[in-house]
$ cat query_7.cif   # mmCIF, C-alpha atoms
data_input
#
loop_
_atom_site.label_atom_id
_atom_site.label_comp_id
_atom_site.auth_asym_id
_atom_site.auth_seq_id
_atom_site.Cartn_x
_atom_site.Cartn_y
_atom_site.Cartn_z
CA MET A 29 53.87 -63.54 -51.52
CA SER A 30 55.92 -60.40 -51.43
CA SER A 31 57.01 -58.90 -48.14
CA SER A 32 54.88 -55.77 -48.65
CA ARG A 33 51.79 -57.92 -49.25
CA LYS A 34 52.58 -60.00 -46.12
CA HIS A 35 53.00 -56.79 -44.12
CA HIS A 36 49.68 -55.41 -45.44
CA VAL A 37 47.79 -58.65 -44.60
CA LYS A 38 49.37 -58.73 -41.14
CA SER A 39 48.37 -55.12 -40.41
CA LEU A 40 44.79 -55.83 -41.57
CA MET A 41 44.59 -58.89 -39.30
CA LEU A 42 45.88 -56.86 -36.35
CA ALA A 43 43.34 -54.07 -37.01
CA ILE A 44 40.46 -56.57 -37.15
CA ALA A 45 41.68 -58.31 -33.96
CA LYS A 46 41.94 -54.93 -32.21
CA GLY A 47 38.34 -54.08 -33.17
CA ILE A 48 37.09 -57.48 -31.94
CA LEU A 49 38.92 -57.05 -28.61
CA GLU A 50 37.47 -53.56 -28.11
CA GLU A 51 33.95 -54.86 -28.85
CA GLU A 52 34.41 -57.73 -26.37
CA GLU A 53 35.58 -55.25 -23.73
CA ARG A 54 32.50 -53.05 -24.25
CA GLU A 55 30.23 -56.12 -24.09
CA ARG A 56 31.91 -57.27 -20.89
CA GLU A 57 31.37 -53.83 -19.35
CA ARG A 58 27.67 -53.86 -20.35
CA ASP A 59 27.25 -57.34 -18.81
CA ARG A 60 28.90 -56.14 -15.63
CA GLU A 61 26.62 -53.11 -15.34
CA LYS A 62 23.56 -55.28 -16.02
CA TYR A 63 24.59 -57.80 -13.36
CA MET A 64 25.28 -55.04 -10.81
CA ALA A 65 21.88 -53.47 -11.49
CA GLU A 66 20.12 -56.82 -10.98
CA ASN A 67 22.00 -58.09 -7.95
CA CYS A 68 23.14 -54.93 -6.22
CA PRO A 69 20.36 -52.39 -5.82
CA PRO A 70 21.41 -48.91 -4.74
CA VAL A 71 21.94 -48.64 -1.00
CA SER A 72 19.59 -46.39 0.89
CA MET A 73 21.24 -45.25 4.07
CA PRO A 74 19.06 -46.07 7.09
CA ARG A 75 18.17 -43.35 9.54
CA THR A 76 17.89 -45.38 12.74
CA MET A 77 20.20 -47.81 14.47
CA GLN A 78 17.71 -50.67 14.09
CA GLU A 79 17.51 -50.21 10.32
CA LEU A 80 21.33 -50.13 10.14
CA LEU A 81 21.58 -53.42 12.08
CA GLU A 82 19.05 -55.09 9.78
CA LEU A 83 20.96 -53.84 6.73
CA CYS A 84 24.19 -55.32 8.15
CA LYS A 85 22.48 -58.66 8.83
CA GLU A 86 21.16 -58.72 5.28
CA PHE A 87 24.66 -58.02 3.92
CA HIS A 88 26.05 -60.87 6.05
CA ARG A 89 23.44 -63.29 4.72
CA LYS A 90 24.27 -62.29 1.15
CA MET A 91 28.00 -62.67 1.83
CA ASP A 92 27.42 -66.19 3.22
CA VAL A 93 25.51 -67.16 0.08
CA VAL A 94 28.24 -65.74 -2.15
CA ASP A 95 30.96 -67.53 -0.13
CA GLU A 96 29.11 -70.83 -0.48
CA GLU A 97 28.82 -70.34 -4.25
CA ARG A 98 32.49 -69.40 -4.48
CA TYR A 99 33.51 -72.50 -2.51
CA ASP A 100 31.32 -74.75 -4.69
CA LEU A 101 32.77 -73.26 -7.87
CA HIS A 102 36.30 -73.63 -6.49
CA MET A 103 35.71 -77.32 -5.75
CA LYS A 104 34.22 -77.87 -9.23
CA VAL A 105 37.25 -76.24 -10.83
CA ASN A 106 39.65 -78.39 -8.77
CA LYS A 107 37.71 -81.52 -9.69
CA SER A 108 37.75 -80.56 -13.37
CA ASN A 109 41.50 -79.87 -13.26
CA LYS A 110 42.11 -83.28 -11.70
CA GLU A 111 39.99 -84.96 -14.40
CA ILE A 112 41.91 -83.09 -17.09
CA GLU A 113 45.23 -84.25 -15.65
CA ASP A 114 43.99 -87.87 -15.48
CA LEU A 115 42.80 -87.68 -19.10
CA LYS A 116 46.15 -86.26 -20.22
CA ILE A 117 47.92 -89.17 -18.54
CA LYS A 118 45.56 -91.67 -20.19
CA VAL A 119 46.16 -90.07 -23.60
CA GLN A 120 49.92 -90.29 -23.12
CA ASP A 121 49.61 -93.95 -22.07
CA LEU A 122 47.48 -94.74 -25.12
CA MET A 123 49.91 -93.03 -27.44
CA GLY A 124 52.76 -95.03 -25.93
CA LYS A 125 55.15 -92.12 -26.07
CA PHE A 126 55.87 -91.01 -22.58
CA LYS A 127 58.68 -88.57 -22.19
CA LYS A 128 60.38 -89.00 -18.84
CA PRO A 129 61.08 -85.66 -17.21
CA VAL A 130 64.69 -84.89 -16.41
CA LEU A 131 65.12 -85.10 -12.65
CA LYS A 132 67.30 -82.65 -10.82
CA LYS A 133 70.01 -83.91 -8.53
CA VAL A 134 69.26 -82.81 -5.01
CA ARG A 135 71.64 -83.10 -2.11
CA MET A 136 69.59 -84.22 0.82
CA SER A 137 70.49 -85.54 4.23
CA ALA A 138 69.16 -88.90 5.37
CA ASP A 139 66.88 -87.15 7.89
CA ALA A 140 65.39 -84.87 5.24
CA MET A 141 64.91 -87.78 2.82
CA LEU A 142 63.07 -89.89 5.41
CA LYS A 143 60.97 -86.90 6.41
CA ALA A 144 60.03 -86.33 2.75
CA LEU A 145 59.18 -90.00 2.22
CA LEU A 146 57.34 -90.66 5.48
CA GLY A 147 55.77 -87.25 5.93
CA SER A 148 56.03 -84.77 8.76
CA LYS A 149 54.19 -87.03 11.22
CA HIS A 150 56.94 -89.65 11.20
CA THR A 151 60.08 -87.93 12.37
CA VAL A 152 62.99 -90.34 12.34
CA ASN A 153 66.29 -89.03 13.55
CA LEU A 154 69.28 -90.81 12.13
CA ASP A 155 72.26 -89.74 14.15
CA LEU A 156 74.93 -91.94 12.67
CA ARG A 157 77.62 -90.68 15.04
CA ALA A 158 75.66 -91.63 18.15
CA ASN A 159 76.49 -95.32 17.82
CA LEU A 160 80.21 -94.84 17.23
CA LYS A 161 82.67 -95.99 19.88
CA GLN A 162 84.25 -93.23 21.94
CA VAL A 163 88.06 -93.27 22.04
CA LYS A 164 89.84 -91.49 24.84
CA LYS A 165 93.16 -89.95 23.89
CA GLU A 166 94.21 -89.34 27.49
CA VAL A 167 94.55 -93.08 28.17
CA LYS A 168 97.05 -93.51 25.33
CA GLU A 169 99.17 -90.57 26.49
CA GLU A 170 99.28 -91.85 30.07
CA HIS A 171 100.33 -95.28 28.81
CA LEU A 172 103.27 -93.74 26.89
CA PHE A 173 104.42 -91.72 29.88
CA GLN A 174 104.30 -94.85 32.07
CA GLU A 175 106.51 -96.76 29.57
CA LEU A 176 109.01 -93.91 29.59
CA ARG A 177 109.11 -93.97 33.38
CA ASP A 178 109.64 -97.74 33.38
CA VAL A 179 112.66 -97.44 31.08
CA GLY A 180 114.19 -95.10 33.57
CA ASP A 181 117.29 -92.99 33.19
CA TRP A 182 119.31 -94.03 30.13
CA ARG A 183 122.60 -92.90 31.68
CA LYS A 184 122.16 -95.30 34.53
CA ASN A 185 121.49 -98.22 32.15
CA ILE A 186 124.60 -97.46 30.11
CA GLU A 187 126.78 -97.19 33.22
CA ASP A 188 125.43 -100.51 34.49
CA LYS A 189 126.22 -102.26 31.22
CA SER A 190 129.61 -100.65 30.63
CA GLY A 191 132.81 -102.45 31.46
CA MET A 192 133.21 -106.09 32.37
CA ASP A 193 130.70 -105.91 35.23
CA GLY A 194 127.93 -104.89 32.87
CA ARG A 195 128.70 -107.70 30.43
CA LYS A 196 128.82 -110.16 33.24
CA LYS A 197 125.37 -109.02 34.42
CA MET A 198 124.01 -109.36 30.85
CA PHE A 199 125.30 -112.96 30.59
CA GLU A 200 123.96 -113.83 34.01
CA ALA A 201 120.56 -112.40 33.11
CA GLU A 202 120.45 -114.45 29.87
CA ALA A 203 121.44 -117.71 31.56
#

$ encode --input "query_7.cif" --output "structure tokens"
Amino acid sequence: MSSSRKHHVKSLMLAIAKGILEEEERERERDREKYMAENCPPVSMPRTMQELLELCKEFHRKMDVVDEERYDLHMKVNKSNKEIEDLKIKVQDLMGKFKKPVLKKVRMSADAMLKALLGSKHTVNLDLRANLKQVKKEVKEEHLFQELRDVGDWRKNIEDKSGMDGRKKMFEAEA
């Protein structure tokens, strides 16, 4: 098929589709007008307060009926969607070709993971730092200062050990 012929066929198909869409739109509008004429008669404005109250009560009754129908239809649609999903899963199982979806890597804390797994009712708080041993730095520093005080003045130690008297004291201390 030549490109001009393809273009001509394509334009004809688009023109036919456009006509069908316009006809469907007109038909939908006619159906809407017919439904409104059947279910929504023209409102006659009441003259007294009592008539107005009765009109409001009637509107409320009609709204309740419509809400019930809407709820029923919503539940039917949800049920149908669930059945469709179940059937899709069964078809995939029967075919034997199940494509595993690629999972995203998510950084999650332990608390958030447990909350996601157990639900919001079970709140488990994992504070891993709560059970760690506390170390006091002040105790170490005081211990070092006490050792330095025990050593004493270095000049005094050197003077005591200098000369023959100091060596004599060292030998006496060893023996």

$ axis_aligned_box --input "query_7.cif" --around "range 56-67 of chain A" --padding-each-side "8 Å" --output "AutoDock Vina command-line options"
--center_x 26.0 --center_y -55.6 --center_z -14.4 --size_x 27.8 --size_y 21.0 --size_z 28.9

$ atom_distance --input "query_7.cif" --atom1 "CA of Lys127 in chain A" --atom2 "CA of Leu146 in chain A"
27.8 Å

$ atom_distance --input "query_7.cif" --atom1 "CA of Asp95 in chain A" --atom2 "CA of Glu82 in chain A"
19.9 Å

$ atom_distance --input "query_7.cif" --atom1 "CA of Glu61 in chain A" --atom2 "CA of Lys85 in chain A"
25.1 Å

$ residues_around --input "query_7.cif" --residues "range 66-71 of chain A" --least-positions-apart "2" --cutoff "12 Å" --atoms "only C-alpha atoms" --output "CSV table (one decimal) with C-alpha atoms, in the frame of the given file"
chain,number,residue,atom,x,y,z
A,59,ASP,CA,27.2,-57.3,-18.8
A,60,ARG,CA,28.9,-56.1,-15.6
A,61,GLU,CA,26.6,-53.1,-15.3
A,62,LYS,CA,23.6,-55.3,-16.0
A,63,TYR,CA,24.6,-57.8,-13.4
A,64,MET,CA,25.3,-55.0,-10.8
A,73,MET,CA,21.2,-45.2,4.1
A,74,PRO,CA,19.1,-46.1,7.1
A,80,LEU,CA,21.3,-50.1,10.1
A,83,LEU,CA,21.0,-53.8,6.7
A,84,CYS,CA,24.2,-55.3,8.2
A,86,GLU,CA,21.2,-58.7,5.3
A,87,PHE,CA,24.7,-58.0,3.9
A,90,LYS,CA,24.3,-62.3,1.2
A,94,VAL,CA,28.2,-65.7,-2.2
